[in-house]
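Below: structure-v7.pdb (PDB, C-alpha atoms)
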ATOM      1  CA  MET A   1       0.000   0.000   0.000
ATOM      2  CA  SER A   2       1.348   3.405  -0.893
ATOM      3  CA  ASN A   3       1.625   6.343   1.492
ATOM      4  CA  TRP A   4      -0.779   9.222   1.426
ATOM      5  CA  TYR A   5       0.354  12.815   1.739
ATOM      6  CA  MET A   6      -1.734  15.898   2.294
ATOM      7  CA  LEU A   7      -0.670  18.505  -0.191
ATOM      8  CA  THR A   8      -1.584  22.135   0.452
ATOM      9  CA  LEU A   9      -1.125  24.802  -2.202
ATOM     10  CA  THR A  10      -2.357  28.379  -2.027
ATOM     11  CA  GLY A  11      -1.751  31.514  -4.011
ATOM     12  CA  GLU A  12      -3.252  34.264  -6.108
ATOM     13  CA  ASP A  13      -5.926  32.840  -8.385
ATOM     14  CA  GLN A  14      -5.243  32.493 -12.093
ATOM     15  CA  PRO A  15      -6.366  30.106 -14.829
ATOM     16  CA  GLY A  16      -4.421  26.845 -15.133
ATOM     17  CA  ILE A  17      -3.355  26.206 -11.533
ATOM     18  CA  VAL A  18      -5.153  22.862 -11.220
ATOM     19  CA  ALA A  19      -4.108  21.709 -14.684
ATOM     20  CA  ARG A  20      -0.412  22.473 -14.134
ATOM     21  CA  VAL A  21      -0.173  21.075 -10.617
ATOM     22  CA  THR A  22      -1.993  17.842 -11.431
ATOM     23  CA  ARG A  23      -0.016  17.458 -14.677
ATOM     24  CA  ALA A  24       3.236  17.635 -12.667
ATOM     25  CA  LEU A  25       1.949  14.943 -10.313
ATOM     26  CA  PHE A  26       0.701  12.754 -13.153
ATOM     27  CA  GLU A  27       4.072  12.905 -14.909
ATOM     28  CA  ARG A  28       5.712  11.650 -11.717
ATOM     29  CA  ASN A  29       3.286   8.738 -11.356
ATOM     30  CA  MET A  30       1.604  10.141  -8.277
ATOM     31  CA  ASN A  31      -2.072   9.346  -7.625
ATOM     32  CA  LEU A  32      -4.692  11.789  -6.439
ATOM     33  CA  GLY A  33      -7.294  11.004  -3.778
ATOM     34  CA  GLU A  34      -9.950  13.216  -2.253
ATOM     35  CA  ALA A  35      -9.469  16.925  -2.765
ATOM     36  CA  SER A  36     -10.983  20.266  -1.939
ATOM     37  CA  MET A  37     -10.130  23.134  -4.251
ATOM     38  CA  LEU A  38     -11.735  26.517  -4.096
ATOM     39  CA  ARG A  39     -11.242  30.221  -4.415
ATOM     40  CA  LEU A  40     -11.094  32.105  -1.129
ATOM     41  CA  GLY A  41     -10.698  35.864  -1.115
ATOM     42  CA  GLY A  42      -9.137  35.968  -4.572
ATOM     43  CA  ASN A  43      -6.698  33.171  -3.720
ATOM     44  CA  PHE A  44      -6.946  29.673  -5.021
ATOM     45  CA  THR A  45      -6.569  26.966  -2.393
ATOM     46  CA  ILE A  46      -5.909  23.285  -2.903
ATOM     47  CA  MET A  47      -5.971  20.577  -0.271
ATOM     48  CA  MET A  48      -5.412  17.259  -1.912
ATOM     49  CA  MET A  49      -4.558  13.688  -0.979
ATOM     50  CA  VAL A  50      -1.638  12.400  -3.036
ATOM     51  CA  SER A  51      -0.027   8.966  -2.968
ATOM     52  CA  GLY A  52       2.780   7.193  -4.749
ATOM     53  CA  GLU A  53       6.337   6.007  -4.469
ATOM     54  CA  MET A  54       7.910   9.363  -3.640
ATOM     55  CA  ASP A  55       8.582  10.403  -0.058
ATOM     56  CA  ALA A  56       7.493  13.794   1.278
ATOM     57  CA  ALA A  57      10.791  15.511   0.474
ATOM     58  CA  ALA A  58      10.900  14.218  -3.102
ATOM     59  CA  LEU A  59       7.244  15.151  -3.608
ATOM     60  CA  LYS A  60       7.900  18.674  -2.423
ATOM     61  CA  GLN A  61      10.978  18.910  -4.626
ATOM     62  CA  SER A  62       9.061  17.719  -7.667
ATOM     63  CA  LEU A  63       6.434  20.441  -7.274
ATOM     64  CA  GLN A  64       8.914  23.231  -6.541
ATOM     65  CA  GLU A  65       9.173  24.350 -10.143
ATOM     66  CA  VAL A  66       5.468  24.551 -10.902
ATOM     67  CA  SER A  67       4.567  26.173  -7.580
ATOM     68  CA  ALA A  68       7.296  28.801  -8.024
ATOM     69  CA  ALA A  69       6.116  29.522 -11.566
ATOM     70  CA  LEU A  70       2.531  29.987 -10.343
ATOM     71  CA  GLY A  71       3.478  31.849  -7.164
ATOM     72  CA  LEU A  72       1.937  29.228  -4.912
ATOM     73  CA  SER A  73       3.012  28.371  -1.413
ATOM     74  CA  LEU A  74       3.428  24.632  -1.017
ATOM     75  CA  HIS A  75       3.154  22.355   1.958
ATOM     76  CA  VAL A  76       3.412  18.564   2.187
ATOM     77  CA  ASP A  77       2.472  16.463   5.220
ATOM     78  CA  PRO A  78       2.548  12.697   5.536
ATOM     79  CA  MET A  79      -0.928  11.653   6.616
ATOM     80  CA  GLN A  80      -2.648   8.752   8.309
ATOM     81  CA  GLY A  81      -5.853   7.424   6.848
ATOM     82  CA  GLY A  82      -6.883   6.829   3.292
ATOM     83  CA  LEU A  83      -9.787   6.549   0.906
ATOM     84  CA  HIS A  84     -13.215   5.039   1.498
ATOM     85  CA  ARG A  85     -13.757   6.569   4.899
ATOM     86  CA  HIS A  86     -16.768   8.679   4.018
ATOM     87  CA  VAL A  87     -19.252   9.429   6.752
ATOM     88  CA  PRO A  88     -22.551  10.795   5.431
ATOM     89  CA  PRO A  89     -23.884  13.776   7.398
ATOM     90  CA  ASN A  90     -27.181  13.495   9.232
ATOM     91  CA  LEU A  91     -27.561  17.187  10.083
ATOM     92  CA  MET A  92     -27.211  20.483   8.315
ATOM     93  CA  VAL A  93     -26.781  23.787  10.125
ATOM     94  CA  ARG A  94     -27.273  27.081   8.325
ATOM     95  CA  VAL A  95     -26.264  30.413   9.737
ATOM     96  CA  SER A  96     -26.784  33.849   8.303
ATOM     97  CA  GLY A  97     -26.898  37.368   9.571
ATOM     98  CA  ALA A  98     -25.013  40.581  10.088
ATOM     99  CA  ASP A  99     -21.364  39.744  10.625
ATOM    100  CA  GLN A 100     -20.448  39.950  14.278
ATOM    101  CA  PRO A 101     -17.339  38.990  16.228
ATOM    102  CA  GLY A 102     -17.245  35.405  17.409
ATOM    103  CA  ILE A 103     -20.157  34.145  15.317
ATOM    104  CA  VAL A 104     -18.305  31.004  14.169
ATOM    105  CA  ALA A 105     -16.823  30.290  17.593
ATOM    106  CA  LYS A 106     -20.222  30.651  19.237
ATOM    107  CA  VAL A 107     -22.114  28.442  16.800
ATOM    108  CA  THR A 108     -19.489  25.721  16.573
ATOM    109  CA  GLY A 109     -18.936  25.874  20.345
ATOM    110  CA  VAL A 110     -22.586  25.064  20.978
ATOM    111  CA  LEU A 111     -22.452  22.274  18.412
ATOM    112  CA  ALA A 112     -19.251  20.798  19.840
ATOM    113  CA  ASP A 113     -20.743  20.767  23.340
ATOM    114  CA  ALA A 114     -23.656  18.762  21.919
ATOM    115  CA  GLY A 115     -21.280  16.196  20.415
ATOM    116  CA  PHE A 116     -21.789  17.438  16.846
ATOM    117  CA  ASN A 117     -18.896  16.454  14.576
ATOM    118  CA  ILE A 118     -18.338  18.826  11.646
ATOM    119  CA  LEU A 119     -17.723  17.031   8.349
ATOM    120  CA  ASP A 120     -17.850  20.011   6.057
ATOM    121  CA  LEU A 121     -18.063  23.743   6.693
ATOM    122  CA  GLU A 122     -18.453  26.434   4.083
ATOM    123  CA  SER A 123     -18.594  30.048   5.043
ATOM    124  CA  ASP A 124     -18.782  33.236   3.089
ATOM    125  CA  VAL A 125     -19.101  36.930   3.661
ATOM    126  CA  ALA A 126     -21.741  38.429   1.406
ATOM    127  CA  GLY A 127     -23.462  41.800   1.409
ATOM    128  CA  ARG A 128     -21.477  45.008   0.964
ATOM    129  CA  ALA A 129     -18.113  45.950   2.409
ATOM    130  CA  ASP A 130     -19.812  48.421   4.777
ATOM    131  CA  ARG A 131     -22.606  45.994   5.675
ATOM    132  CA  PRO A 132     -21.134  42.478   5.567
ATOM    133  CA  VAL A 133     -23.429  39.501   5.944
ATOM    134  CA  TYR A 134     -22.078  36.223   7.223
ATOM    135  CA  ILE A 135     -23.393  33.019   5.652
ATOM    136  CA  MET A 136     -22.306  29.581   6.771
ATOM    137  CA  GLN A 137     -23.392  26.012   6.116
ATOM    138  CA  ILE A 138     -22.193  23.166   8.269
ATOM    139  CA  ALA A 139     -22.810  19.524   7.438
ATOM    140  CA  GLY A 140     -22.127  17.152  10.267
ATOM    141  CA  ILE A 141     -23.069  14.227  12.342
ATOM    142  CA  ALA A 142     -24.521  14.032  15.827
ATOM    143  CA  THR A 143     -26.402  11.424  17.767
ATOM    144  CA  ALA A 144     -28.108  13.914  20.084
ATOM    145  CA  PRO A 145     -31.818  14.360  19.276
ATOM    146  CA  LEU A 146     -32.729  17.328  17.089
ATOM    147  CA  GLU A 147     -34.825  18.866  19.874
ATOM    148  CA  SER A 148     -31.875  19.122  22.242
ATOM    149  CA  LEU A 149     -29.720  20.661  19.508
ATOM    150  CA  GLU A 150     -32.505  23.148  18.749
ATOM    151  CA  GLN A 151     -32.637  24.015  22.414
ATOM    152  CA  ALA A 152     -28.873  24.501  22.557
ATOM    153  CA  LEU A 153     -29.047  26.859  19.568
ATOM    154  CA  ASP A 154     -31.853  28.921  21.128
ATOM    155  CA  GLY A 155     -29.265  30.727  23.222
ATOM    156  CA  LEU A 156     -27.579  31.957  20.046
ATOM    157  CA  ARG A 157     -30.856  33.116  18.506
ATOM    158  CA  ALA A 158     -31.338  35.256  21.602
ATOM    159  CA  GLN A 159     -28.016  36.888  20.681
ATOM    160  CA  GLY A 160     -29.317  37.766  17.214
ATOM    161  CA  ILE A 161     -27.675  34.936  15.290
ATOM    162  CA  ASP A 162     -30.028  33.469  12.676
ATOM    163  CA  VAL A 163     -29.283  29.764  12.883
ATOM    164  CA  ASN A 164     -31.334  26.773  11.801
ATOM    165  CA  ILE A 165     -30.701  23.072  11.928
ATOM    166  CA  SER A 166     -32.395  20.415   9.837
ATOM    167  CA  PRO A 167     -31.995  16.678   9.410
ATOM    168  CA  VAL A 168     -30.379  15.371   6.242
ATOM    169  CA  GLU A 169     -32.541  12.471   5.139
ATOM    170  CA  MET A 170     -30.255  10.421   2.970
ATOM    171  CA  LEU A 171     -31.994   8.591   0.182
ATOM    172  CA  VAL A 172     -30.468   5.408  -1.237
ATOM    173  CA  GLY A 173     -32.013   4.137  -4.431
TER
ATOM    174  CA  MET B   1     -34.495 -17.049  -3.906
ATOM    175  CA  ALA B   2     -31.189 -15.162  -4.036
ATOM    176  CA  PRO B   3     -30.792 -11.414  -4.500
ATOM    177  CA  LEU B   4     -29.602 -10.273  -7.915
ATOM    178  CA  GLU B   5     -26.199  -8.769  -8.496
ATOM    179  CA  ILE B   6     -26.159  -4.961  -8.539
ATOM    180  CA  LEU B   7     -24.307  -3.255 -11.369
ATOM    181  CA  THR B   8     -22.011  -0.531 -10.087
ATOM    182  CA  ILE B   9     -20.217   2.323 -11.824
ATOM    183  CA  PRO B  10     -18.302   2.536 -14.097
ATOM    184  CA  ASN B  11     -20.424  -0.167 -15.727
ATOM    185  CA  GLU B  12     -21.576   1.435 -19.002
ATOM    186  CA  GLN B  13     -24.833  -0.549 -18.941
ATOM    187  CA  LEU B  14     -26.130   1.802 -16.260
ATOM    188  CA  LYS B  15     -26.305   4.494 -18.964
ATOM    189  CA  GLN B  16     -28.580   2.375 -21.120
ATOM    190  CA  GLU B  17     -32.197   3.402 -21.624
ATOM    191  CA  SER B  18     -34.731   0.755 -20.569
ATOM    192  CA  GLN B  19     -37.566  -0.545 -22.711
ATOM    193  CA  THR B  20     -41.303  -0.296 -22.105
ATOM    194  CA  VAL B  21     -42.879  -3.357 -20.493
ATOM    195  CA  THR B  22     -45.584  -4.844 -22.720
ATOM    196  CA  CYS B  23     -46.034  -8.322 -21.318
ATOM    197  CA  PHE B  24     -47.498  -8.642 -17.815
ATOM    198  CA  ASP B  25     -46.944 -12.332 -17.221
ATOM    199  CA  GLY B  26     -45.587 -14.721 -14.589
ATOM    200  CA  GLU B  27     -42.046 -14.009 -15.667
ATOM    201  CA  LEU B  28     -42.530 -10.326 -14.859
ATOM    202  CA  GLN B  29     -43.979 -11.195 -11.454
ATOM    203  CA  GLU B  30     -41.066 -13.450 -10.645
ATOM    204  CA  PHE B  31     -38.566 -10.790 -11.703
ATOM    205  CA  VAL B  32     -40.288  -8.135  -9.567
ATOM    206  CA  GLN B  33     -40.111 -10.482  -6.578
ATOM    207  CA  ARG B  34     -36.392 -10.919  -7.058
ATOM    208  CA  LEU B  35     -35.928  -7.191  -7.594
ATOM    209  CA  GLU B  36     -37.739  -6.490  -4.317
ATOM    210  CA  LEU B  37     -35.580  -9.053  -2.535
ATOM    211  CA  THR B  38     -32.507  -7.339  -3.952
ATOM    212  CA  ARG B  39     -33.773  -3.941  -2.736
ATOM    213  CA  GLN B  40     -34.298  -5.314   0.760
ATOM    214  CA  HIS B  41     -30.845  -6.839   0.635
ATOM    215  CA  GLY B  42     -29.192  -3.527  -0.303
ATOM    216  CA  PRO B  43     -28.397  -1.583   2.848
ATOM    217  CA  GLY B  44     -31.114   0.987   3.500
ATOM    218  CA  ALA B  45     -32.400   1.189  -0.079
ATOM    219  CA  VAL B  46     -35.842   2.796  -0.411
ATOM    220  CA  GLY B  47     -35.895   2.128  -4.126
ATOM    221  CA  ILE B  48     -34.432   0.045  -6.901
ATOM    222  CA  ALA B  49     -34.756   0.037 -10.677
ATOM    223  CA  ALA B  50     -34.503  -2.943 -13.017
ATOM    224  CA  PRO B  51     -31.465  -1.669 -14.958
ATOM    225  CA  GLN B  52     -29.480  -1.691 -11.699
ATOM    226  CA  VAL B  53     -29.551  -5.478 -11.932
ATOM    227  CA  GLY B  54     -28.892  -5.522 -15.674
ATOM    228  CA  HIS B  55     -32.537  -5.928 -16.684
ATOM    229  CA  PHE B  56     -33.378  -3.151 -19.127
ATOM    230  CA  GLN B  57     -37.118  -2.813 -18.743
ATOM    231  CA  ARG B  58     -39.018   0.127 -17.264
ATOM    232  CA  ILE B  59     -39.610  -1.385 -13.832
ATOM    233  CA  ALA B  60     -38.897   0.213 -10.458
ATOM    234  CA  ILE B  61     -39.815  -0.388  -6.850
ATOM    235  CA  VAL B  62     -40.121   2.377  -4.270
ATOM    236  CA  ASP B  63     -40.948   1.854  -0.612
ATOM    237  CA  CYS B  64     -40.643   4.760   1.812
ATOM    238  CA  SER B  65     -42.837   3.169   4.471
ATOM    239  CA  LEU B  66     -39.846   2.284   6.629
ATOM    240  CA  ALA B  67     -37.837   5.499   6.214
ATOM    241  CA  ARG B  68     -35.824   6.354   9.328
ATOM    242  CA  LYS B  69     -38.023   9.372   9.902
ATOM    243  CA  PRO B  70     -41.681   8.720   8.951
ATOM    244  CA  VAL B  71     -42.669  10.470   5.710
ATOM    245  CA  PRO B  72     -45.861  10.629   3.638
ATOM    246  CA  ASN B  73     -45.830   7.539   1.407
ATOM    247  CA  HIS B  74     -47.899   5.097  -0.614
ATOM    248  CA  GLY B  75     -46.359   1.938   0.855
ATOM    249  CA  ASN B  76     -44.578  -0.576  -1.324
ATOM    250  CA  LEU B  77     -45.007   0.508  -4.931
ATOM    251  CA  VAL B  78     -44.178  -1.565  -7.973
ATOM    252  CA  LEU B  79     -43.979   0.945 -10.802
ATOM    253  CA  ILE B  80     -44.131  -0.377 -14.345
ATOM    254  CA  ASN B  81     -43.649   2.107 -17.192
ATOM    255  CA  PRO B  82     -43.794   5.031 -14.747
ATOM    256  CA  GLU B  83     -44.188   8.514 -16.109
ATOM    257  CA  ILE B  84     -44.142  11.829 -14.286
ATOM    258  CA  THR B  85     -46.880  14.054 -15.642
ATOM    259  CA  HIS B  86     -46.513  17.060 -13.365
ATOM    260  CA  TRP B  87     -43.694  18.659 -11.390
ATOM    261  CA  ASP B  88     -43.868  21.327  -8.724
ATOM    262  CA  GLY B  89     -41.253  23.040  -6.555
ATOM    263  CA  TYR B  90     -37.563  22.297  -6.188
ATOM    264  CA  GLU B  91     -35.592  21.082  -3.233
ATOM    265  CA  VAL B  92     -32.040  19.982  -2.546
ATOM    266  CA  GLY B  93     -31.563  16.659  -0.807
ATOM    267  CA  ARG B  94     -28.821  14.152  -0.220
ATOM    268  CA  GLU B  95     -28.760  10.950  -2.232
ATOM    269  CA  GLY B  96     -26.769   7.788  -2.484
ATOM    270  CA  CYS B  97     -27.210   4.774  -4.731
ATOM    271  CA  LEU B  98     -26.649   1.027  -4.627
ATOM    272  CA  SER B  99     -24.905   1.430  -7.983
ATOM    273  CA  VAL B 100     -22.555   4.138  -6.650
ATOM    274  CA  PRO B 101     -20.947   2.696  -3.503
ATOM    275  CA  ASP B 102     -19.294   4.936  -0.906
ATOM    276  CA  TYR B 103     -20.483   8.267  -2.290
ATOM    277  CA  THR B 104     -23.329  10.635  -1.488
ATOM    278  CA  GLY B 105     -24.167  14.005  -2.958
ATOM    279  CA  ASN B 106     -26.722  16.791  -3.098
ATOM    280  CA  VAL B 107     -29.299  16.692  -5.871
ATOM    281  CA  ILE B 108     -32.135  19.058  -6.817
ATOM    282  CA  ARG B 109     -35.477  17.322  -7.326
ATOM    283  CA  ALA B 110     -39.086  18.395  -7.691
ATOM    284  CA  THR B 111     -40.862  18.597  -4.333
ATOM    285  CA  ARG B 112     -44.234  17.388  -5.587
ATOM    286  CA  ILE B 113     -45.011  15.190  -8.555
ATOM    287  CA  ARG B 114     -47.955  13.562 -10.216
ATOM    288  CA  LEU B 115     -47.118  10.090 -11.422
ATOM    289  CA  LYS B 116     -48.719   7.653 -13.825
ATOM    290  CA  ALA B 117     -47.633   4.002 -13.676
ATOM    291  CA  GLN B 118     -48.905   0.505 -14.281
ATOM    292  CA  ASP B 119     -48.908  -2.135 -11.598
ATOM    293  CA  ILE B 120     -47.704  -5.697 -11.924
ATOM    294  CA  HIS B 121     -50.966  -6.697 -13.636
ATOM    295  CA  GLY B 122     -50.766  -3.873 -16.154
ATOM    296  CA  GLU B 123     -53.443  -1.775 -14.519
ATOM    297  CA  GLU B 124     -52.861   1.985 -14.657
ATOM    298  CA  HIS B 125     -52.681   4.116 -11.511
ATOM    299  CA  GLU B 126     -52.126   7.756 -10.739
ATOM    300  CA  TYR B 127     -50.312   9.020  -7.667
ATOM    301  CA  GLU B 128     -49.669  12.389  -6.099
ATOM    302  CA  MET B 129     -46.438  12.438  -4.159
ATOM    303  CA  GLU B 130     -44.290  14.828  -2.212
ATOM    304  CA  GLY B 131     -40.909  15.144  -0.563
ATOM    305  CA  TYR B 132     -38.888  12.046   0.134
ATOM    306  CA  GLU B 133     -41.112   9.623  -1.800
ATOM    307  CA  ALA B 134     -41.278  11.962  -4.808
ATOM    308  CA  ARG B 135     -37.479  12.201  -4.676
ATOM    309  CA  ALA B 136     -37.137   8.403  -4.593
ATOM    310  CA  VAL B 137     -39.400   8.035  -7.649
ATOM    311  CA  GLN B 138     -37.410  10.655  -9.589
ATOM    312  CA  HIS B 139     -34.152   8.890  -8.678
ATOM    313  CA  GLU B 140     -35.518   5.529  -9.922
ATOM    314  CA  ILE B 141     -37.044   6.881 -13.134
ATOM    315  CA  ASP B 142     -33.655   8.425 -13.890
ATOM    316  CA  HIS B 143     -32.204   4.897 -13.805
ATOM    317  CA  LEU B 144     -34.736   3.839 -16.436
ATOM    318  CA  ASP B 145     -33.427   6.651 -18.629
ATOM    319  CA  GLY B 146     -29.786   5.744 -17.996
ATOM    320  CA  ILE B 147     -29.148   8.676 -15.668
ATOM    321  CA  LEU B 148     -27.392   8.411 -12.293
ATOM    322  CA  PHE B 149     -27.642  10.897  -9.429
ATOM    323  CA  ILE B 150     -23.958  11.696  -9.860
ATOM    324  CA  ASP B 151     -24.952  13.273 -13.190
ATOM    325  CA  ARG B 152     -27.125  15.701 -11.219
ATOM    326  CA  VAL B 153     -25.042  16.489  -8.127
ATOM    327  CA  VAL B 154     -24.903  20.156  -7.185
ATOM    328  CA  SER B 155     -22.455  22.003  -4.964
ATOM    329  CA  ARG B 156     -23.712  23.036  -1.579
ATOM    330  CA  ARG B 157     -22.527  26.539  -2.439
ATOM    331  CA  THR B 158     -25.479  26.787  -4.757
ATOM    332  CA  ASP B 159     -27.842  25.911  -1.913
ATOM    333  CA  LEU B 160     -27.987  29.180  -0.045
ATOM    334  CA  PHE B 161     -31.747  29.470   0.007
ATOM    335  CA  LYS B 162     -32.383  27.044   2.826
ATOM    336  CA  ARG B 163     -34.033  23.912   1.489
ATOM    337  CA  LYS B 164     -35.996  25.460  -1.360
ATOM    338  CA  VAL B 165     -34.403  26.319  -4.642
ATOM    339  CA  TYR B 166     -36.402  28.261  -7.168
ATOM    340  CA  ARG B 167     -35.558  28.843 -10.768
TER
END
Kindly return the structure encoded in the file as structure tokens.
Amino acid sequence: MSNWYMLTLTGEDQPGIVARVTRALFERNMNLGEASMLRLGGNFTIMMMVSGEMDAAALKQSLQEVSAALGLSLHVDPMQGGLHRHVPPNLMVRVSGADQPGIVAKVTGVLADAGFNILDLESDVAGRADRPVYIMQIAGIATAPLESLEQALDGLRAQGIDVNISPVEMLVG
Amino acid sequence: MAPLEILTIPNEQLKQESQTVTCFDGELQEFVQRLELTRQHGPGAVGIAAPQVGHFQRIAIVDCSLARKPVPNHGNLVLINPEITHWDGYEVGREGCLSVPDYTGNVIRATRIRLKAQDIHGEEHEYEMEGYEARAVQHEIDHLDGILFIDRVVSRRTDLFKRKVYR
């Protein structure tokens, strides 16, 4: 079994980043696993599982040229784990409202106390620069009943945070 | 009776369009029994379509009566030559598939549908469905047309309007 590495690349967005990085890996016989790639604040960010014969140092070396050419910062970590470890979420939390300090810490703090495990979090700042609106979606898994989670979130609603939680009913067909 | 083998991606046969059923005989009944057994065998499957077992006829079974959270449903439905005649509303929901192991994704489906289908004896029925059951029927009819849910997956970033998506 080959080793998995977590590759992190970030830098100013421009066309061709994914194509050039993955081409470099392909030419060195490295395999790609799960990945998250998205634009954040005008930067392009890549977090990607990579496996193959190379060790971490050689992998980093082999991407030096392309990351320098694209102005990306590069980070390689050996990682435990592997593919086929998906856990489907059973709950979805949505938050929106005027941006205020600590909104993420407060919401996720309440969820963590209830045993909620975050699988996926996406957050964005919308609205205008002078009136920012915070929007966040959290998919996760918890065994606590919905009612008790609702109750836990009530405290946040009292603080003016618009938060709702709903079950994710997975359909298999 | 043994469950049938489920075709999984990247099997190209899953993209094949299924044929209309014209003969409502004992053979059909026996196949439907085996298809139902296969559905029950698949972990947590609320529906199954004939092409998933390599049988390319327009046959599907949907049963939302035992969903984890109770939902409006019509019990165990054998749908032969099903056809959706009316769609209303759109909603994002999470789907998986016996033919796509170890993957789930968000898909937009109509919230309410009107459905026409024949039963195992060839008799025509009409159904009005909503929510989870309507989603299951749309997922299964897609199979009959050679479409998988992974062809319809949307990013959660497009789902900012709570559970309803309008277009």
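When all atoms listed in the file are used to measure the gap to Met170 of chain A, the shortest distance among B:Ser155, B:Gly122, B:Cys97, B:Glu128 belongs to B:Cys97.
Minimum atom-to-atom distances from A:Ala56, A:Val95, A:Ala114, A:Met49 to chain B were compared using all atoms listed in the file, and the lowest value belongs to A:Val95.
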(message) Translate the ChimeraX specification (/B :<6) & /A into a concrete residue list for this structure, as a PyMOL selection string.
(response) chain A and resi 170-173
(request) Select, counting only C-alpha atoms, all protein, DNA and RNA residues no farther than 12 Å from (-28.1, 9.1, -17.2) in file coordinates, and express the selection as JSON, numbers by chain. (result) {"B": [9, 12, 13, 14, 15, 16, 17, 18, 51, 139, 140, 141, 142, 143, 144, 145, 146, 147, 148, 149, 150, 151, 152]}
(request) Calculate how many Å separate atom CA of Asp113 of chain A from atom CA of Ala139 of chain A, rounding to one decimal. (result) 16.1 Å
(request) May I ask which of the residues B:Gln118, B:Leu7, B:Gly89, B:Leu28 is the closest one to Leu77 of chain B, counting all atoms listed in the file? (result) B:Gln118
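Rounded to one decimal, atom CA of Glu53 of chain A and atom CA of Leu83 of chain A lie 17.0 Å from each other.
Against this structure, the PyMOL selection byres ((chain B and resi 117) around 9) ends up with Val78, Leu79, Ile80, Asn81, Pro82, Glu83, Ile84, Leu115, Lys116, Gln118, Asp119, Gly122, Glu123, Glu124, His125, Glu126 and Tyr127 of chain B.
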(request) Considering only C-alpha atoms, return as a ChimeraX atom specification whatever protein or nucleic-acid residues lie within 8 Å of segment 99-106 of chain A, sequence-local ones (same chain, fewer than 6 positions apart) excluded. (result) /A:125,132-134,156,161
Those residues you just picked out, can you put them in a file as a short mmCIF file (atom, residue, chain, number, x, y, z; two decimals), keeping the file's coordinate frame with C-alpha atoms?
data_model
loop_
_atom_site.label_atom_id
_atom_site.label_comp_id
_atom_site.auth_asym_id
_atom_site.auth_seq_id
_atom_site.Cartn_x
_atom_site.Cartn_y
_atom_site.Cartn_z
CA VAL A 125 -19.10 36.93 3.66
CA PRO A 132 -21.13 42.48 5.57
CA VAL A 133 -23.43 39.50 5.94
CA TYR A 134 -22.08 36.22 7.22
CA LEU A 156 -27.58 31.96 20.05
CA ILE A 161 -27.68 34.94 15.29
#
(request) Quick one: apply the PyMOL selection byres ((chain B and resi 5) around 10) to the file and drop the selected residues here as a PyMOL selection string. (result) chain B and resi 2-4+6-8+35+38+52-54
Could you give me the axis-aligned bounding box of segment 136-143 of chain A, with 6 Å of padding per side, as centre plus edge lengths in Å to one decimal, as JSON?
{"center_x": -24.3, "center_y": 20.5, "center_z": 11.9, "size_x": 16.3, "size_y": 30.2, "size_z": 23.7}
(request) Find the distance between atom CA of Ala35 of chain A and atom CA of Val18 of chain A and write it in Å to one decimal. (result) 11.2 Å
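Near Leu7 of chain A, within a cut-off of 9 Å and counting all atoms listed in the file, sit the residues Ile46, Met47, Met48, Met49, Val50, Lys60, Leu74, His75, Val76, Asp77 and Pro78 of chain A, with same-chain residues fewer than 6 positions away left out.
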(request) Please identify all polymer residues lying at most 9 Å from the point (-5.3, 36.6, -3.0) (file coordinates), using all atoms listed in the file, and present the result as a ChimeraX atom specification. (result) /A:10-13,39-44
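With only C-alpha atoms as the atoms that count, the minimum distance from Gln64 of chain A to the choices A:Leu25, A:Ala144, A:Asp130, A:Pro167 is reached by A:Leu25.
For the choices A:Met6, A:Gln61, A:Gly97, A:Thr143, the atom-to-atom distance to Met79 of chain A is smallest for A:Met6 when using all atoms listed in the file.
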